[in-house]
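Trainee: What follows is the file protein_33.pdb, containing PDB, C-alpha atoms:
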ATOM      1  CA  MET A 279     -46.514  19.759  32.520
ATOM      2  CA  ARG A 280     -43.978  22.608  32.499
ATOM      3  CA  PRO A 281     -44.849  25.709  30.474
ATOM      4  CA  VAL A 282     -42.266  26.408  27.805
ATOM      5  CA  LEU A 283     -41.152  30.016  27.436
ATOM      6  CA  CYS A 284     -38.862  30.530  24.477
ATOM      7  CA  LEU A 285     -37.906  32.705  21.531
ATOM      8  CA  ILE A 286     -38.591  31.104  18.161
ATOM      9  CA  PHE A 287     -35.974  31.981  15.527
ATOM     10  CA  ALA A 288     -36.794  29.689  12.642
ATOM     11  CA  GLY A 289     -38.862  32.423  11.051
ATOM     12  CA  ILE A 290     -42.561  32.763  11.606
ATOM     13  CA  ALA A 291     -43.706  29.176  11.348
ATOM     14  CA  ALA A 292     -47.115  27.604  11.685
ATOM     15  CA  GLY A 293     -48.410  28.195  15.207
ATOM     16  CA  ALA A 294     -47.796  25.508  17.758
ATOM     17  CA  VAL A 295     -50.702  24.028  19.643
ATOM     18  CA  VAL A 296     -50.539  24.885  23.337
ATOM     19  CA  PRO A 297     -52.825  23.079  25.768
ATOM     20  CA  PRO A 298     -55.381  25.489  27.333
ATOM     21  CA  ALA A 299     -54.159  24.699  30.862
ATOM     22  CA  THR A 300     -50.668  25.940  29.957
ATOM     23  CA  VAL A 301     -52.014  29.181  28.480
ATOM     24  CA  ALA A 302     -54.051  29.906  31.599
ATOM     25  CA  ALA A 303     -51.135  29.144  33.923
ATOM     26  CA  ALA A 304     -48.341  31.107  32.230
ATOM     27  CA  ALA A 305     -50.095  33.567  29.874
ATOM     28  CA  PRO A 306     -46.965  34.944  28.166
ATOM     29  CA  ARG A 307     -47.669  37.050  25.088
ATOM     30  CA  GLN A 308     -45.769  36.662  21.829
ATOM     31  CA  ILE A 309     -45.240  39.357  19.237
ATOM     32  CA  ALA A 310     -44.196  38.793  15.643
ATOM     33  CA  ILE A 311     -41.170  40.862  14.619
ATOM     34  CA  TYR A 312     -39.466  41.359  11.253
ATOM     35  CA  ASN A 313     -36.092  42.943  10.518
ATOM     36  CA  ASP A 314     -36.292  44.943   7.276
ATOM     37  CA  ALA A 315     -33.179  46.956   8.129
ATOM     38  CA  ASP A 316     -29.709  46.674   6.584
ATOM     39  CA  PHE A 317     -28.174  45.407   9.842
ATOM     40  CA  ALA A 318     -28.962  42.603  12.294
ATOM     41  CA  VAL A 319     -30.926  43.428  15.447
ATOM     42  CA  VAL A 320     -28.678  42.401  18.348
ATOM     43  CA  GLU A 321     -30.843  43.694  21.177
ATOM     44  CA  LEU A 322     -34.586  44.316  21.491
ATOM     45  CA  GLN A 323     -35.867  45.915  24.659
ATOM     46  CA  ALA A 324     -39.293  46.996  25.864
ATOM     47  CA  ARG A 325     -40.646  49.254  28.571
ATOM     48  CA  ALA A 326     -43.976  50.624  29.668
ATOM     49  CA  PRO A 327     -44.649  54.013  28.016
ATOM     50  CA  LYS A 328     -43.460  57.101  29.895
ATOM     51  CA  THR A 329     -40.993  55.122  32.020
ATOM     52  CA  GLN A 330     -37.226  55.613  31.932
ATOM     53  CA  ALA A 331     -35.760  52.122  32.252
ATOM     54  CA  TRP A 332     -35.781  49.496  29.514
ATOM     55  CA  THR A 333     -36.809  46.588  31.737
ATOM     56  CA  ILE A 334     -37.774  43.802  29.322
ATOM     57  CA  ASP A 335     -35.193  42.003  27.159
ATOM     58  CA  LEU A 336     -37.036  40.360  24.251
ATOM     59  CA  LEU A 337     -34.128  38.715  22.408
ATOM     60  CA  GLY A 338     -31.946  37.420  25.221
ATOM     61  CA  LYS A 339     -28.812  35.819  23.772
ATOM     62  CA  TYR A 340     -30.256  35.752  20.239
ATOM     63  CA  SER A 341     -30.109  38.216  17.359
ATOM     64  CA  LEU A 342     -32.418  38.815  14.403
ATOM     65  CA  GLY A 343     -30.680  38.803  11.034
ATOM     66  CA  VAL A 344     -31.446  41.015   8.055
ATOM     67  CA  GLY A 345     -34.665  39.939   6.344
ATOM     68  CA  ARG A 346     -35.508  37.503   9.155
ATOM     69  CA  ALA A 347     -38.698  37.134  11.156
ATOM     70  CA  ALA A 348     -39.227  35.718  14.631
ATOM     71  CA  LYS A 349     -41.554  35.673  17.586
ATOM     72  CA  ALA A 350     -40.472  37.333  20.810
ATOM     73  CA  THR A 351     -42.103  36.499  24.116
ATOM     74  CA  PHE A 352     -43.072  39.010  26.781
ATOM     75  CA  PRO A 353     -42.788  37.627  30.310
ATOM     76  CA  ALA A 354     -45.979  36.334  31.949
ATOM     77  CA  ASN A 355     -45.957  39.252  34.403
ATOM     78  CA  ALA A 356     -46.000  41.893  31.631
ATOM     79  CA  THR A 357     -49.227  43.868  31.924
ATOM     80  CA  GLY A 358     -51.078  46.009  29.420
ATOM     81  CA  CYS A 359     -50.660  46.170  25.671
ATOM     82  CA  ALA A 360     -48.826  49.453  25.042
ATOM     83  CA  TYR A 361     -45.023  49.265  25.129
ATOM     84  CA  ASP A 362     -42.115  51.289  23.820
ATOM     85  CA  LEU A 363     -39.632  49.152  21.846
ATOM     86  CA  LEU A 364     -35.928  49.801  21.293
ATOM     87  CA  ALA A 365     -33.977  47.829  18.696
ATOM     88  CA  THR A 366     -30.179  48.003  18.708
ATOM     89  CA  PHE A 367     -28.470  47.039  15.451
ATOM     90  CA  ASP A 368     -25.063  45.427  15.053
ATOM     91  CA  ASP A 369     -23.606  48.720  13.779
ATOM     92  CA  GLY A 370     -24.537  50.347  17.118
ATOM     93  CA  ARG A 371     -27.424  52.468  15.839
ATOM     94  CA  LYS A 372     -30.870  52.239  17.449
ATOM     95  CA  GLN A 373     -34.518  52.437  16.376
ATOM     96  CA  GLN A 374     -37.172  53.363  18.910
ATOM     97  CA  MET A 375     -40.889  52.715  18.414
ATOM     98  CA  LEU A 376     -43.174  54.395  20.950
ATOM     99  CA  ASN A 377     -46.521  53.233  22.323
ATOM    100  CA  VAL A 378     -46.741  50.044  20.231
ATOM    101  CA  ASP A 379     -49.907  47.974  20.726
ATOM    102  CA  THR A 380     -48.375  44.544  21.378
ATOM    103  CA  CYS A 381     -51.803  42.904  21.691
ATOM    104  CA  LYS A 382     -52.796  43.832  18.138
ATOM    105  CA  PRO A 383     -52.373  40.993  15.620
ATOM    106  CA  GLY A 384     -49.746  41.527  12.958
ATOM    107  CA  THR A 385     -46.012  41.915  12.594
ATOM    108  CA  ILE A 386     -43.886  44.707  14.036
ATOM    109  CA  THR A 387     -41.336  45.688  11.384
ATOM    110  CA  PHE A 388     -38.000  47.326  12.144
ATOM    111  CA  THR A 389     -36.614  49.327   9.213
ATOM    112  CA  GLY A 390     -33.543  50.782  10.896
ATOM    113  CA  PRO A 391     -32.822  54.242  12.260
ATOM    114  CA  ALA A 392     -33.990  57.219  10.227
TER     115      ALA A 392
END
Once you've parsed the file, please lay out its structure as structure tokens.

Mentor:
Amino acid sequence: MRPVLCLIFAGIAAGAVVPPATVAAAAPRQIAIYNDADFAVVELQARAPKTQAWTIDLLGKYSLGVGRAAKATFPANATGCAYDLLATFDDGRKQQMLNVDTCKPGTITFTGPA
């Protein structure tokens, strides 16, 4: 059985059942995200705190429309829970959230730049 790693953009739907063997083998972590801003999120990046480079692309070729929710998947090799997040909106502005606990249950909401 191949593990499926994907971004779910049909909104936050009822959780899918994943066989325990797949979870143990791949162990990717999903975070729930919501766009409460006035513009679509066209890029969502993550990095370990106190590092310079944004090394994790959480949206890939997708975007997150205004008022939409989704689940983004961290790669299986992502370690730790604390990450900085950077959302880029379709008007070019950015919102940065520092030291976000991505292991904590709940939804991470982007409201747009201040």

Trainee: Could you tell me which of A:Asn313, A:Gln308, A:Ser341, A:Thr366 comes closest to Thr389 in chain A if we count only C-alpha atoms?

Mentor: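 Smallest distance to Thr389 in chain A is found for A:Asn313.
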
Trainee: Can you tell me which residues surround Val319 in chain A at a distance of at most 7 Å, considering all atoms listed in the file, apart from same-chain residues fewer than 4 positions away, and format the answer as a list in words?

Mentor: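 Contacts, with the query itself left out: Ser341, Leu342, Gly343, Ala365, Thr366, Phe367 and Asp368 of chain A.
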
Trainee: If you apply the PyMOL selection byres ((chain A and resi 337) around 7) to this file, what residues do you get, as a PyMOL selection string?

Mentor: chain A and resi 321-322+335-336+338-341+350

Trainee: Run the PyMOL selection byres ((chain A and resi 334) around 7) against the file shown and list the residues it catches, as a list in words.

Mentor: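 Selection result, ordered by chain and number: Gln323, Ala324, Arg325, Trp332, Thr333, Asp335 and Leu336 of chain A.
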
Trainee: Would you mind reading off the distance between CA of Tyr312 in chain A and CA of Lys382 in chain A, one decimal, in Å?

Mentor: 15.2 Å

Trainee: Spell out the residues picked by the PyMOL selection byres ((chain A and resi 311) around 8) here, as a PDB file with C-alpha atoms, in the frame of the given file.

Mentor:
ATOM      1  CA  ILE A 309     -45.240  39.357  19.237  1.00  0.00           C
ATOM      2  CA  ALA A 310     -44.196  38.793  15.643  1.00  0.00           C
ATOM      3  CA  TYR A 312     -39.466  41.359  11.253  1.00  0.00           C
ATOM      4  CA  ASN A 313     -36.092  42.943  10.518  1.00  0.00           C
ATOM      5  CA  ALA A 347     -38.698  37.134  11.156  1.00  0.00           C
ATOM      6  CA  ALA A 348     -39.227  35.718  14.631  1.00  0.00           C
ATOM      7  CA  LYS A 349     -41.554  35.673  17.586  1.00  0.00           C
ATOM      8  CA  ALA A 350     -40.472  37.333  20.810  1.00  0.00           C
ATOM      9  CA  THR A 385     -46.012  41.915  12.594  1.00  0.00           C
ATOM     10  CA  ILE A 386     -43.886  44.707  14.036  1.00  0.00           C
ATOM     11  CA  THR A 387     -41.336  45.688  11.384  1.00  0.00           C
ATOM     12  CA  PHE A 388     -38.000  47.326  12.144  1.00  0.00           C
TER      13      PHE A 388
END

Trainee: Please report the interatomic distance between CA of Lys328 in chain A and CA of Asp316 in chain A in Å with one decimal.

Mentor: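 Distance between the two atoms: 29.0 Å.
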
Trainee: For each of A:Ala331, A:Leu376, A:Ala315, A:Val344, take the minimum atom-to-atom distance to Ala392 in chain A, counting all atoms listed in the file, then give the residue where this is smallest.

Mentor: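 The answer is A:Ala315, which sits nearest to Ala392 in chain A.
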
Trainee: Could you check the closest approach to Gly390 in chain A for each of A:Thr351, A:Thr357, A:Gln330, A:Gln374 and tell me which residue wins, using all atoms listed in the file?

Mentor: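 Using all atoms listed in the file, Gly390 in chain A sits closest to A:Gln374.
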
Trainee: Restricting the calculation to all atoms listed in the file: of A:Ala318, A:Cys381, A:Ala326, A:Cys359, which residue gets closest to Gly345 in chain A?

Mentor: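 Using all atoms listed in the file, Gly345 in chain A sits closest to A:Ala318.
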
Trainee: Put the listed atoms of range 307-317 of chain A in a box along x, y and z with 6 Å added on every side and give me the centre and edge lengths in Å to one decimal, as JSON.

Mentor:
{"center_x": -37.9, "center_y": 41.8, "center_z": 15.8, "size_x": 31.5, "size_y": 22.3, "size_z": 30.5}

Trainee: Would you work out the distance separating CA of Gly358 in chain A from CA of Gln373 in chain A, expressed in Å to one decimal?

Mentor: 22.0 Å

Trainee: Considering only C-alpha atoms, can you say which of A:Asp379, A:Phe317, A:Ala360, A:Gly384 comes closest to Arg346 in chain A?

Mentor: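 Ranking A:Asp379, A:Phe317, A:Ala360, A:Gly384 by distance to Arg346 in chain A, first place goes to A:Phe317.
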